[in-house]
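Colleague: Dropping in structure_28.cif, with mmCIF, C-alpha atoms.
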```
data_protein
#
loop_
_atom_site.group_PDB
_atom_site.id
_atom_site.type_symbol
_atom_site.label_atom_id
_atom_site.label_comp_id
_atom_site.auth_asym_id
_atom_site.auth_seq_id
_atom_site.Cartn_x
_atom_site.Cartn_y
_atom_site.Cartn_z
ATOM 1 C CA MET A 566 -10.378 -20.146 14.493
ATOM 2 C CA THR A 567 -10.856 -17.534 17.177
ATOM 3 C CA GLY A 568 -11.893 -13.992 16.389
ATOM 4 C CA PRO A 569 -8.557 -12.166 16.239
ATOM 5 C CA GLU A 570 -6.991 -15.045 14.315
ATOM 6 C CA LEU A 571 -9.781 -14.825 11.756
ATOM 7 C CA VAL A 572 -9.132 -11.131 11.182
ATOM 8 C CA LEU A 573 -5.376 -11.623 11.111
ATOM 9 C CA GLY A 574 -5.725 -14.483 8.696
ATOM 10 C CA ALA A 575 -8.014 -12.416 6.519
ATOM 11 C CA ALA A 576 -5.465 -9.627 6.618
ATOM 12 C CA GLY A 577 -3.028 -12.004 4.996
ATOM 13 C CA LEU A 578 -0.501 -10.650 7.464
ATOM 14 C CA LEU A 579 0.099 -14.005 9.047
ATOM 15 C CA GLY A 580 1.091 -14.862 5.514
ATOM 16 C CA GLN A 581 -1.445 -16.640 3.392
ATOM 17 C CA PRO A 582 -2.339 -20.018 4.867
ATOM 18 C CA THR A 583 0.349 -22.600 4.277
ATOM 19 C CA LEU A 584 -0.513 -25.962 2.806
ATOM 20 C CA HIS A 585 1.552 -28.969 3.833
ATOM 21 C CA PHE A 586 2.266 -31.938 1.620
ATOM 22 C CA GLY A 587 4.314 -34.161 3.891
ATOM 23 C CA SER A 588 7.482 -32.206 4.608
ATOM 24 C CA PHE A 589 6.812 -29.852 1.687
ATOM 25 C CA ALA A 590 5.119 -26.563 2.554
ATOM 26 C CA ILE A 591 3.748 -24.086 0.041
ATOM 27 C CA SER A 592 1.665 -20.936 0.475
ATOM 28 C CA GLU A 593 -1.957 -21.013 -0.618
ATOM 29 C CA SER A 594 -1.541 -18.050 -2.936
ATOM 30 C CA ALA A 595 1.101 -19.884 -4.968
ATOM 31 C CA VAL A 596 -1.259 -22.838 -5.411
ATOM 32 C CA SER A 597 -4.321 -20.746 -6.290
ATOM 33 C CA ALA A 598 -2.385 -18.449 -8.634
ATOM 34 C CA THR A 599 -0.883 -21.427 -10.472
ATOM 35 C CA ALA A 600 -4.219 -23.219 -10.616
ATOM 36 C CA LEU A 601 -5.825 -20.093 -12.062
ATOM 37 C CA THR A 602 -3.096 -19.805 -14.687
ATOM 38 C CA VAL A 603 -3.520 -23.442 -15.712
ATOM 39 C CA ALA A 604 -7.318 -23.102 -15.780
ATOM 40 C CA LEU A 605 -7.138 -19.946 -17.916
ATOM 41 C CA ALA A 606 -4.623 -21.467 -20.324
ATOM 42 C CA SER A 607 -6.605 -24.660 -20.796
ATOM 43 C CA ALA A 608 -9.854 -22.699 -21.161
ATOM 44 C CA ALA A 609 -8.179 -20.588 -23.841
ATOM 45 C CA ALA A 610 -6.896 -23.677 -25.677
ATOM 46 C CA TRP A 611 -10.289 -25.376 -25.462
ATOM 47 C CA THR A 612 -12.077 -22.236 -26.660
ATOM 48 C CA LYS A 613 -9.669 -21.727 -29.536
ATOM 49 C CA SER A 614 -10.372 -25.216 -30.870
ATOM 50 C CA ARG A 615 -14.084 -24.413 -30.952
ATOM 51 C CA LEU A 616 -14.199 -20.979 -32.501
ATOM 52 C CA ARG A 617 -16.508 -20.784 -35.518
ATOM 53 C CA MET A 618 -16.562 -18.274 -38.318
ATOM 54 C CA ARG A 619 -20.162 -19.047 -39.270
ATOM 55 C CA ASP A 620 -23.095 -18.579 -36.881
ATOM 56 C CA PRO A 621 -21.017 -18.424 -33.656
ATOM 57 C CA ALA A 622 -22.489 -19.741 -30.425
ATOM 58 C CA GLY A 623 -23.571 -17.460 -27.590
ATOM 59 C CA TRP A 624 -20.449 -17.717 -25.481
ATOM 60 C CA GLN A 625 -18.276 -16.877 -28.450
ATOM 61 C CA LEU A 626 -20.218 -13.637 -28.898
ATOM 62 C CA VAL A 627 -19.661 -12.787 -25.237
ATOM 63 C CA LEU A 628 -15.925 -13.392 -25.562
ATOM 64 C CA GLU A 629 -15.786 -11.349 -28.745
ATOM 65 C CA LEU A 630 -17.606 -8.510 -26.999
ATOM 66 C CA ALA A 631 -15.051 -8.537 -24.167
ATOM 67 C CA GLU A 632 -12.170 -8.661 -26.628
ATOM 68 C CA GLN A 633 -13.698 -5.797 -28.598
ATOM 69 C CA ALA A 634 -14.015 -3.653 -25.470
ATOM 70 C CA MET A 635 -10.385 -4.278 -24.472
ATOM 71 C CA ASP A 636 -9.193 -3.638 -28.011
ATOM 72 C CA THR A 637 -11.022 -0.299 -28.142
ATOM 73 C CA THR A 638 -9.562 0.805 -24.816
ATOM 74 C CA VAL A 639 -6.003 -0.081 -25.814
ATOM 75 C CA ARG A 640 -6.456 1.503 -29.238
ATOM 76 C CA GLU A 641 -7.574 4.782 -27.648
ATOM 77 C CA SER A 642 -4.531 4.921 -25.361
ATOM 78 C CA ILE A 643 -1.860 3.767 -27.822
ATOM 79 C CA PRO A 644 -2.935 4.637 -31.347
ATOM 80 C CA LYS A 645 0.383 3.330 -32.649
ATOM 81 C CA ALA A 646 0.826 -0.442 -32.615
ATOM 82 C CA PRO A 647 -2.027 -1.358 -30.253
ATOM 83 C CA GLU A 648 -1.926 -4.960 -31.459
ATOM 84 C CA ARG A 649 1.490 -5.402 -29.822
ATOM 85 C CA ILE A 650 0.290 -4.221 -26.411
ATOM 86 C CA LEU A 651 -3.146 -5.836 -26.325
ATOM 87 C CA PRO A 652 -1.971 -9.401 -25.484
ATOM 88 C CA LEU A 653 -0.090 -8.255 -22.391
ATOM 89 C CA VAL A 654 -2.611 -5.763 -21.051
ATOM 90 C CA GLY A 655 -5.603 -7.960 -21.900
ATOM 91 C CA THR A 656 -3.991 -10.872 -20.076
ATOM 92 C CA LEU A 657 -3.378 -8.649 -17.058
ATOM 93 C CA TRP A 658 -7.023 -7.527 -17.062
ATOM 94 C CA ILE A 659 -8.484 -11.014 -17.318
ATOM 95 C CA TYR A 660 -6.033 -12.612 -14.917
ATOM 96 C CA ILE A 661 -6.307 -9.962 -12.195
ATOM 97 C CA LEU A 662 -10.092 -9.820 -12.452
ATOM 98 C CA LEU A 663 -10.417 -13.579 -12.017
ATOM 99 C CA ALA A 664 -7.749 -13.642 -9.304
ATOM 100 C CA ASN A 665 -9.658 -10.955 -7.382
ATOM 101 C CA LEU A 666 -12.905 -12.874 -7.786
ATOM 102 C CA VAL A 667 -11.369 -16.083 -6.392
ATOM 103 C CA GLY A 668 -11.643 -14.428 -2.974
ATOM 104 C CA LEU A 669 -15.437 -14.567 -3.228
ATOM 105 C CA ILE A 670 -15.406 -18.376 -3.190
ATOM 106 C CA PRO A 671 -15.894 -19.472 0.430
ATOM 107 C CA GLY A 672 -12.735 -20.876 1.964
ATOM 108 C CA LEU A 673 -10.375 -19.377 -0.596
ATOM 109 C CA HIS A 674 -8.295 -16.207 -0.489
ATOM 110 C CA SER A 675 -7.572 -13.956 -3.455
ATOM 111 C CA PRO A 676 -4.091 -14.685 -4.754
ATOM 112 C CA THR A 677 -3.847 -10.916 -5.279
ATOM 113 C CA GLY A 678 -4.161 -10.478 -1.506
ATOM 114 C CA ASP A 679 -0.553 -11.686 -1.313
ATOM 115 C CA LEU A 680 2.184 -9.122 -1.859
ATOM 116 C CA SER A 681 4.342 -11.708 -3.642
ATOM 117 C CA VAL A 682 1.739 -12.235 -6.372
ATOM 118 C CA THR A 683 1.049 -8.532 -6.932
ATOM 119 C CA GLY A 684 4.797 -7.897 -6.795
ATOM 120 C CA ALA A 685 5.320 -10.442 -9.551
ATOM 121 C CA LEU A 686 2.605 -8.798 -11.681
ATOM 122 C CA ALA A 687 4.174 -5.375 -11.111
ATOM 123 C CA MET A 688 7.588 -6.756 -12.115
ATOM 124 C CA ILE A 689 6.086 -7.932 -15.395
ATOM 125 C CA VAL A 690 4.968 -4.362 -16.086
ATOM 126 C CA PHE A 691 8.354 -3.041 -14.922
ATOM 127 C CA PHE A 692 10.165 -5.140 -17.545
ATOM 128 C CA ALA A 693 7.501 -4.655 -20.211
ATOM 129 C CA VAL A 694 8.044 -0.882 -20.272
ATOM 130 C CA PRO A 695 11.673 -0.987 -21.549
ATOM 131 C CA PHE A 696 10.857 -4.046 -23.692
ATOM 132 C CA TYR A 697 8.153 -2.290 -25.679
ATOM 133 C CA GLY A 698 9.971 1.029 -25.528
ATOM 134 C CA VAL A 699 13.153 -0.403 -27.032
ATOM 135 C CA ARG A 700 11.209 -2.380 -29.579
ATOM 136 C CA ALA A 701 9.331 0.724 -30.673
ATOM 137 C CA ALA A 702 12.165 3.274 -30.755
ATOM 138 C CA GLY A 703 15.471 1.414 -30.525
ATOM 139 C CA TRP A 704 18.064 1.423 -27.755
ATOM 140 C CA ALA A 705 19.558 4.843 -28.390
ATOM 141 C CA ALA A 706 16.270 6.760 -28.436
ATOM 142 C CA TYR A 707 14.937 4.877 -25.421
ATOM 143 C CA VAL A 708 18.022 5.416 -23.264
ATOM 144 C CA ARG A 709 18.206 9.067 -24.335
ATOM 145 C CA GLU A 710 14.707 9.460 -22.894
ATOM 146 C CA TYR A 711 16.174 8.843 -19.431
ATOM 147 C CA PHE A 712 18.599 11.736 -19.807
ATOM 148 C CA SER A 713 16.068 14.242 -21.078
ATOM 149 C CA PRO A 714 15.485 17.113 -20.699
ATOM 150 C CA MET A 715 18.762 17.383 -18.721
ATOM 151 C CA PHE A 716 21.317 14.668 -18.030
ATOM 152 C CA TRP A 717 21.005 15.076 -14.256
ATOM 153 C CA MET A 718 17.345 14.084 -14.462
ATOM 154 C CA PHE A 719 18.471 10.454 -14.734
ATOM 155 C CA PRO A 720 18.138 9.586 -11.021
ATOM 156 C CA PHE A 721 14.636 11.037 -10.963
ATOM 157 C CA HIS A 722 13.570 8.979 -13.972
ATOM 158 C CA LEU A 723 15.001 5.878 -12.311
ATOM 159 C CA MET A 724 13.266 6.701 -9.027
ATOM 160 C CA SER A 725 9.922 7.185 -10.741
ATOM 161 C CA GLU A 726 10.263 3.790 -12.488
ATOM 162 C CA LEU A 727 10.958 2.059 -9.179
ATOM 163 C CA THR A 728 8.323 3.819 -7.078
ATOM 164 C CA ARG A 729 5.554 3.320 -9.610
ATOM 165 C CA THR A 730 6.319 -0.405 -9.695
ATOM 166 C CA LEU A 731 6.097 -0.470 -5.915
ATOM 167 C CA THR A 732 2.860 1.527 -6.030
ATOM 168 C CA LEU A 733 1.361 -0.834 -8.573
ATOM 169 C CA ALA A 734 2.047 -3.836 -6.346
ATOM 170 C CA VAL A 735 1.025 -2.236 -3.056
ATOM 171 C CA ARG A 736 -2.185 -0.719 -4.468
ATOM 172 C CA LEU A 737 -3.621 -4.019 -5.622
ATOM 173 C CA PHE A 738 -2.429 -5.829 -2.493
ATOM 174 C CA GLY A 739 -3.720 -3.119 -0.148
ATOM 175 C CA ASN A 740 -7.119 -2.915 -1.797
ATOM 176 C CA MET A 741 -7.726 -6.645 -1.764
ATOM 177 C CA THR A 742 -6.341 -7.120 1.743
ATOM 178 C CA GLY A 743 -8.225 -4.118 3.086
ATOM 179 C CA MET A 744 -11.451 -5.446 1.632
ATOM 180 C CA GLU A 745 -10.932 -8.866 3.210
ATOM 181 C CA VAL A 746 -10.072 -7.334 6.585
ATOM 182 C CA ALA A 747 -13.169 -5.118 6.438
ATOM 183 C CA ILE A 748 -15.388 -8.104 5.674
ATOM 184 C CA GLY A 749 -13.680 -10.170 8.396
ATOM 185 C CA ILE A 750 -14.190 -7.475 11.025
ATOM 186 C CA LEU A 751 -17.819 -6.965 9.947
ATOM 187 C CA LEU A 752 -18.371 -10.707 10.272
ATOM 188 C CA LEU A 753 -17.175 -10.507 13.870
ATOM 189 C CA LEU A 754 -19.345 -7.487 14.666
ATOM 190 C CA ALA A 755 -22.551 -8.044 12.767
ATOM 191 C CA GLY A 756 -23.053 -11.714 12.112
ATOM 192 C CA LEU A 757 -24.021 -13.381 8.906
ATOM 193 C CA LEU A 758 -26.099 -11.184 6.627
ATOM 194 C CA VAL A 759 -24.515 -7.709 6.858
ATOM 195 C CA PRO A 760 -21.218 -8.697 5.159
ATOM 196 C CA VAL A 761 -23.219 -9.830 2.118
ATOM 197 C CA ALA A 762 -23.631 -6.183 1.117
ATOM 198 C CA PHE A 763 -19.884 -5.795 1.384
ATOM 199 C CA LEU A 764 -19.367 -8.821 -0.831
ATOM 200 C CA PHE A 765 -21.107 -6.869 -3.601
ATOM 201 C CA LEU A 766 -18.654 -4.060 -2.904
ATOM 202 C CA HIS A 767 -15.883 -6.655 -3.203
ATOM 203 C CA LEU A 768 -17.234 -7.515 -6.648
ATOM 204 C CA ILE A 769 -17.082 -3.877 -7.785
ATOM 205 C CA GLU A 770 -13.670 -3.456 -6.191
ATOM 206 C CA ALA A 771 -12.351 -6.508 -8.037
ATOM 207 C CA LEU A 772 -13.524 -5.117 -11.380
ATOM 208 C CA LEU A 773 -12.219 -1.615 -10.671
ATOM 209 C CA GLN A 774 -8.802 -2.719 -9.442
ATOM 210 C CA ALA A 775 -8.278 -5.026 -12.414
ATOM 211 C CA TYR A 776 -9.248 -2.176 -14.759
ATOM 212 C CA ILE A 777 -6.949 0.272 -13.015
ATOM 213 C CA PHE A 778 -3.971 -2.089 -12.939
ATOM 214 C CA GLY A 779 -4.286 -2.721 -16.675
ATOM 215 C CA MET A 780 -4.904 0.954 -17.412
ATOM 216 C CA LEU A 781 -1.815 2.043 -15.465
ATOM 217 C CA ALA A 782 0.280 -0.617 -17.200
ATOM 218 C CA LEU A 783 -1.039 0.787 -20.474
ATOM 219 C CA VAL A 784 -0.159 4.364 -19.493
ATOM 220 C CA TYR A 785 3.349 3.373 -18.369
ATOM 221 C CA ILE A 786 4.023 1.415 -21.558
ATOM 222 C CA ALA A 787 2.691 4.311 -23.632
ATOM 223 C CA GLY A 788 5.067 6.579 -21.707
ATOM 224 C CA GLY A 789 7.966 4.266 -22.503
ATOM 225 C CA MET A 790 7.003 4.316 -26.181
ATOM 226 C CA GLN A 791 6.866 8.106 -26.387
ATOM 227 C CA ALA A 792 10.498 8.158 -27.508
ATOM 228 C CA LEU A 793 9.116 6.841 -30.795
ATOM 229 C CA GLU A 794 6.735 9.761 -31.175
ATOM 230 C CA GLU A 795 9.481 12.283 -30.515
ATOM 231 C CA LYS A 796 11.684 10.645 -33.116
ATOM 232 C CA GLU A 797 8.953 10.842 -35.705
ATOM 233 C CA GLN A 798 7.813 14.389 -34.991
ATOM 234 C CA PRO A 799 10.763 16.235 -33.453
ATOM 235 C CA LYS A 800 8.817 19.400 -32.659
ATOM 236 C CA GLY A 801 5.720 17.782 -31.152
ATOM 237 C CA GLY A 802 4.907 18.200 -27.481
ATOM 238 C CA THR A 803 5.263 15.239 -25.142
ATOM 239 C CA VAL A 804 1.720 15.295 -23.865
ATOM 240 C CA ARG A 805 0.968 12.062 -22.099
ATOM 241 C CA MET B 263 0.870 -1.570 33.384
ATOM 242 C CA ASN B 264 3.832 -3.483 32.115
ATOM 243 C CA ASP B 265 5.871 -2.597 29.028
ATOM 244 C CA LEU B 266 3.735 -4.653 26.701
ATOM 245 C CA GLY B 267 0.459 -3.105 27.881
ATOM 246 C CA ILE B 268 1.748 0.447 27.501
ATOM 247 C CA PHE B 269 3.195 -0.372 24.095
ATOM 248 C CA THR B 270 -0.063 -1.915 22.845
ATOM 249 C CA THR B 271 -2.149 1.019 24.068
ATOM 250 C CA ILE B 272 0.100 3.593 22.442
ATOM 251 C CA VAL B 273 0.306 1.644 19.195
ATOM 252 C CA THR B 274 -3.461 1.224 18.959
ATOM 253 C CA ALA B 275 -4.112 4.892 19.682
ATOM 254 C CA PHE B 276 -1.597 6.061 17.104
ATOM 255 C CA ALA B 277 -2.757 3.550 14.517
ATOM 256 C CA VAL B 278 -6.285 4.925 14.741
ATOM 257 C CA LEU B 279 -4.958 8.483 14.634
ATOM 258 C CA ALA B 280 -2.728 7.702 11.646
ATOM 259 C CA MET B 281 -5.567 6.154 9.718
ATOM 260 C CA GLY B 282 -7.808 9.164 10.319
ATOM 261 C CA LEU B 283 -5.146 11.728 9.429
ATOM 262 C CA GLY B 284 -3.841 9.684 6.546
ATOM 263 C CA VAL B 285 -7.236 9.455 4.917
ATOM 264 C CA LEU B 286 -7.848 13.192 5.308
ATOM 265 C CA GLY B 287 -5.457 14.316 2.582
ATOM 266 C CA PRO B 288 -6.419 11.765 -0.070
ATOM 267 C CA GLY B 289 -10.086 12.416 0.736
ATOM 268 C CA ILE B 290 -9.724 16.132 0.031
ATOM 269 C CA GLY B 291 -7.689 15.385 -3.079
ATOM 270 C CA MET B 292 -10.220 12.935 -4.444
ATOM 271 C CA GLY B 293 -13.042 15.362 -3.764
ATOM 272 C CA MET B 294 -11.266 18.075 -5.734
ATOM 273 C CA ALA B 295 -10.533 15.686 -8.596
ATOM 274 C CA ILE B 296 -14.148 14.526 -8.817
ATOM 275 C CA ALA B 297 -15.467 18.097 -8.610
ATOM 276 C CA LYS B 298 -13.236 19.154 -11.508
ATOM 277 C CA ALA B 299 -14.175 16.079 -13.509
ATOM 278 C CA LEU B 300 -17.879 16.789 -13.031
ATOM 279 C CA GLU B 301 -17.331 20.399 -14.113
ATOM 280 C CA ALA B 302 -15.581 19.203 -17.238
ATOM 281 C CA LEU B 303 -18.338 16.682 -17.812
ATOM 282 C CA ALA B 304 -21.025 19.337 -17.542
ATOM 283 C CA ARG B 305 -19.166 21.523 -20.010
ATOM 284 C CA GLN B 306 -18.387 18.759 -22.488
ATOM 285 C CA PRO B 307 -20.696 15.776 -22.046
ATOM 286 C CA GLU B 308 -19.410 14.301 -25.318
ATOM 287 C CA ALA B 309 -15.936 13.835 -23.798
ATOM 288 C CA GLU B 310 -17.323 11.534 -21.100
ATOM 289 C CA LYS B 311 -15.270 8.491 -22.048
ATOM 290 C CA SER B 312 -11.842 10.053 -21.822
ATOM 291 C CA ILE B 313 -12.736 12.156 -18.776
ATOM 292 C CA MET B 314 -13.890 9.043 -16.935
ATOM 293 C CA ARG B 315 -10.761 7.154 -17.934
ATOM 294 C CA TRP B 316 -8.373 9.795 -16.655
ATOM 295 C CA LEU B 317 -10.518 10.387 -13.581
ATOM 296 C CA LEU B 318 -10.308 6.711 -12.636
ATOM 297 C CA ILE B 319 -6.538 6.615 -13.193
ATOM 298 C CA GLY B 320 -6.084 9.770 -11.142
ATOM 299 C CA LEU B 321 -8.308 8.487 -8.367
ATOM 300 C CA ALA B 322 -6.295 5.272 -8.260
ATOM 301 C CA MET B 323 -3.099 7.306 -7.899
ATOM 302 C CA ILE B 324 -4.567 9.361 -5.049
ATOM 303 C CA GLU B 325 -6.114 6.303 -3.469
ATOM 304 C CA SER B 326 -2.772 4.557 -3.284
ATOM 305 C CA LEU B 327 -1.687 7.178 -0.730
ATOM 306 C CA ALA B 328 -4.492 6.080 1.578
ATOM 307 C CA ILE B 329 -3.577 2.467 0.847
ATOM 308 C CA TYR B 330 0.009 3.182 1.958
ATOM 309 C CA VAL B 331 -1.355 4.423 5.274
ATOM 310 C CA LEU B 332 -3.502 1.302 5.597
ATOM 311 C CA VAL B 333 -0.573 -1.013 4.909
ATOM 312 C CA VAL B 334 1.684 0.797 7.359
ATOM 313 C CA VAL B 335 -1.032 0.765 10.027
ATOM 314 C CA LEU B 336 -1.637 -2.958 9.484
ATOM 315 C CA ILE B 337 2.083 -3.648 9.776
ATOM 316 C CA VAL B 338 2.325 -1.584 12.950
ATOM 317 C CA LEU B 339 -0.739 -3.279 14.445
ATOM 318 C CA PHE B 340 -0.100 -6.892 13.523
ATOM 319 C CA ARG B 341 3.506 -7.317 12.484
ATOM 320 C CA SER B 342 5.404 -4.737 14.462
ATOM 321 C CA PRO B 343 9.142 -5.532 14.749
ATOM 322 C CA MET B 344 9.028 -3.754 18.104
ATOM 323 C CA LEU B 345 6.402 -6.220 19.342
ATOM 324 C CA ASP B 346 8.643 -9.176 18.481
ATOM 325 C CA TYR B 347 11.409 -7.535 20.469
ATOM 326 C CA LEU B 348 9.202 -6.997 23.526
ATOM 327 C CA LEU B 349 7.807 -10.527 23.394
ATOM 328 C CA HIS B 350 11.174 -12.244 23.121
ATOM 329 C CA LYS B 351 13.111 -9.956 25.420
#
```
Could you show the structure in this file as structure tokens?
Modeller:
Amino acid sequence: MTGPELVLGAAGLLGQPTLHFGSFAISESAVSATALTVALASAAAWTKSRLRMRDPAGWQLVLELAEQAMDTTVRESIPKAPERILPLVGTLWIYILLANLVGLIPGLHSPTGDLSVTGALAMIVFFAVPFYGVRAAGWAAYVREYFSPMFWMFPFHLMSELTRTLTLAVRLFGNMTGMEVAIGILLLLAGLLVPVAFLFLHLIEALLQAYIFGMLALVYIAGGMQALEEKEQPKGGTVR
Amino acid sequence: MNDLGIFTTIVTAFAVLAMGLGVLGPGIGMGMAIAKALEALARQPEAEKSIMRWLLIGLAMIESLAIYVLVVVLIVLFRSPMLDYLLHK
């Protein structure tokens, strides 16, 4: 690949590289995202069959530590019914973190550097908000939330739902793509060793973006569930 | 210079300008947010956990503004609809 093509390819703006199987073409991000899902699911199944109650092995302690940390974070944000939210948000954290880290493997791109993948993740959050909201408070209370405090606020509520979904997708995509472009350009300018420092930055960025995506999903879902709190304590403030 | 040359020059110049101006606002905003968070942290060190959590969420919100600029600039630079038009005129 020539220089500009390298940068463009890294930008993911030529589309992620397309793989051809005969006459069948599929984008690389679809393959890597699916492979990651399968790998995670089989790792989870394999791990589950080997969990031990008595004197657990080292890796089990590590997994329990991670689970504990996620559980604490969710519990602090949604004191009511955290066990319902943890599976979704924990999955988002783990999946996005690993998907971001795939980009560090030479020759592979992060699936999250593709707007389609991040868009799909944002859509999950978009549908999870009414799902958990309705489940927590019921249809009537949840829909009433859209018309409060005044009925004409409805378009604004709708707009905020849509824009924050867009933001969620574009933020993750932009961060990952921007990082890859920066490393690609540095590679052109400075040769081999300088981008290594930026790869460490990529590592931090991957962690931070995964954390933020999950945290924002958590905040949005908690916002959708606030109809429940108002129903239970009619005079309480709606501090988010 | 032909059409394409003029177009490319203008687009590059404005892309650089847009990136610089677009980062200015979020930069100021993030600085203010961090300053306030540090003040709060100095006053109440025991509240570090929740301050950090909200700081990170807020910074992500502000940062997405700069990311919008980046995405728009990348589109204008690499995937401009105008460029397609000029190339296939």
Colleague: If the PyMOL selection byres ((chain A) within 8 of (chain B)) is run on the structure shown, which residues does it catch, given as a PDB file with C-alpha atoms, in the frame of the given file?
Modeller:
```
ATOM      1  CA  LEU A 573      -5.376 -11.623  11.111  1.00  0.00           C
ATOM      2  CA  LEU A 578      -0.501 -10.650   7.464  1.00  0.00           C
ATOM      3  CA  THR A 732       2.860   1.527  -6.030  1.00  0.00           C
ATOM      4  CA  VAL A 735       1.025  -2.236  -3.056  1.00  0.00           C
ATOM      5  CA  ARG A 736      -2.185  -0.719  -4.468  1.00  0.00           C
ATOM      6  CA  GLY A 739      -3.720  -3.119  -0.148  1.00  0.00           C
ATOM      7  CA  ASN A 740      -7.119  -2.915  -1.797  1.00  0.00           C
ATOM      8  CA  GLY A 743      -8.225  -4.118   3.086  1.00  0.00           C
ATOM      9  CA  ILE A 777      -6.949   0.272 -13.015  1.00  0.00           C
ATOM     10  CA  MET A 780      -4.904   0.954 -17.412  1.00  0.00           C
ATOM     11  CA  LEU A 781      -1.815   2.043 -15.465  1.00  0.00           C
TER      12      LEU A 781
END
```
Colleague: Taking the file as I've supplied it (selection: the PyMOL selection byres ((chain B and resi 275-289) around 6)), which residues are included? Please answer as a list of chain:residue names.
Modeller: B:Ile272, B:Val273, B:Thr274, B:Ile290, B:Gly291, B:Met292, B:Ile324, B:Ala328, B:Val331, B:Val335
Colleague: Could you name the residues that touch Asp265 of chain B at 12 Å or less, counting only C-alpha atoms, but leaving out those on the same chain fewer than 6 positions away, as a ChimeraX atom specification?
Modeller: /B:271-272,344-345,347-349,351
Colleague: For Glu770 of chain A, list every protein, DNA or RNA residue within 10 Å, evaluated using all atoms listed in the file, and leave out those in the same chain fewer than 2 positions away; present the list as number ranges by chain.
Modeller: A: 662, 665-666, 740-741, 744, 764-768, 772-776
Colleague: Hey, can you spit out that residue selection with C-alpha atoms as an mmCIF file, in the frame of the given file?
Modeller:
```cif
data_model
loop_
_atom_site.group_PDB
_atom_site.id
_atom_site.type_symbol
_atom_site.label_atom_id
_atom_site.label_comp_id
_atom_site.auth_asym_id
_atom_site.auth_seq_id
_atom_site.Cartn_x
_atom_site.Cartn_y
_atom_site.Cartn_z
ATOM 1 C CA LEU A 662 -10.092 -9.820 -12.452
ATOM 2 C CA ASN A 665 -9.658 -10.955 -7.382
ATOM 3 C CA LEU A 666 -12.905 -12.874 -7.786
ATOM 4 C CA ASN A 740 -7.119 -2.915 -1.797
ATOM 5 C CA MET A 741 -7.726 -6.645 -1.764
ATOM 6 C CA MET A 744 -11.451 -5.446 1.632
ATOM 7 C CA LEU A 764 -19.367 -8.821 -0.831
ATOM 8 C CA PHE A 765 -21.107 -6.869 -3.601
ATOM 9 C CA LEU A 766 -18.654 -4.060 -2.904
ATOM 10 C CA HIS A 767 -15.883 -6.655 -3.203
ATOM 11 C CA LEU A 768 -17.234 -7.515 -6.648
ATOM 12 C CA LEU A 772 -13.524 -5.117 -11.380
ATOM 13 C CA LEU A 773 -12.219 -1.615 -10.671
ATOM 14 C CA GLN A 774 -8.802 -2.719 -9.442
ATOM 15 C CA ALA A 775 -8.278 -5.026 -12.414
ATOM 16 C CA TYR A 776 -9.248 -2.176 -14.759
#
```
Colleague: So, with all atoms listed in the file as the atoms that count, which of A:Pro621, A:Leu737, A:Glu641, A:Glu745 lies closest to Leu680 of chain A?
Modeller: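 The closest residue to Leu680 of chain A is A:Leu737.
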Colleague: For the file shown, what are the residues hit by the PyMOL selection byres ((chain A and resi 690-703) around 10), laid out as a PyMOL selection string?
Modeller: chain A and resi 645-646+649-650+653-654+657+684-689+704-708+726-727+729-731+733+778-779+781-797
Colleague: Output segment 650-656 of chain A with N, CA, C and O atoms present, as a short mmCIF file (atom, residue, chain, number, x, y, z; two decimals), in the coordinates of the input.
Modeller:
```
data_model
loop_
_atom_site.label_atom_id
_atom_site.label_comp_id
_atom_site.auth_asym_id
_atom_site.auth_seq_id
_atom_site.Cartn_x
_atom_site.Cartn_y
_atom_site.Cartn_z
N ILE A 650 0.47 -4.40 -27.85
CA ILE A 650 0.29 -4.22 -26.41
C ILE A 650 -0.90 -5.02 -25.90
O ILE A 650 -0.93 -5.45 -24.75
N LEU A 651 -1.90 -5.21 -26.78
CA LEU A 651 -3.15 -5.84 -26.32
C LEU A 651 -2.94 -7.19 -25.64
O LEU A 651 -3.56 -7.42 -24.60
N PRO A 652 -2.10 -8.10 -26.16
CA PRO A 652 -1.97 -9.40 -25.48
C PRO A 652 -1.55 -9.26 -24.03
O PRO A 652 -2.14 -9.90 -23.15
N LEU A 653 -0.58 -8.40 -23.76
CA LEU A 653 -0.09 -8.26 -22.39
C LEU A 653 -1.16 -7.64 -21.49
O LEU A 653 -1.51 -8.20 -20.44
N VAL A 654 -1.68 -6.48 -21.92
CA VAL A 654 -2.61 -5.76 -21.05
C VAL A 654 -3.92 -6.54 -20.90
O VAL A 654 -4.49 -6.61 -19.81
N GLY A 655 -4.38 -7.16 -21.99
CA GLY A 655 -5.60 -7.96 -21.90
C GLY A 655 -5.44 -9.12 -20.95
O GLY A 655 -6.33 -9.42 -20.15
N THR A 656 -4.26 -9.77 -21.00
CA THR A 656 -3.99 -10.87 -20.08
C THR A 656 -4.01 -10.38 -18.64
O THR A 656 -4.58 -11.01 -17.75
#
```
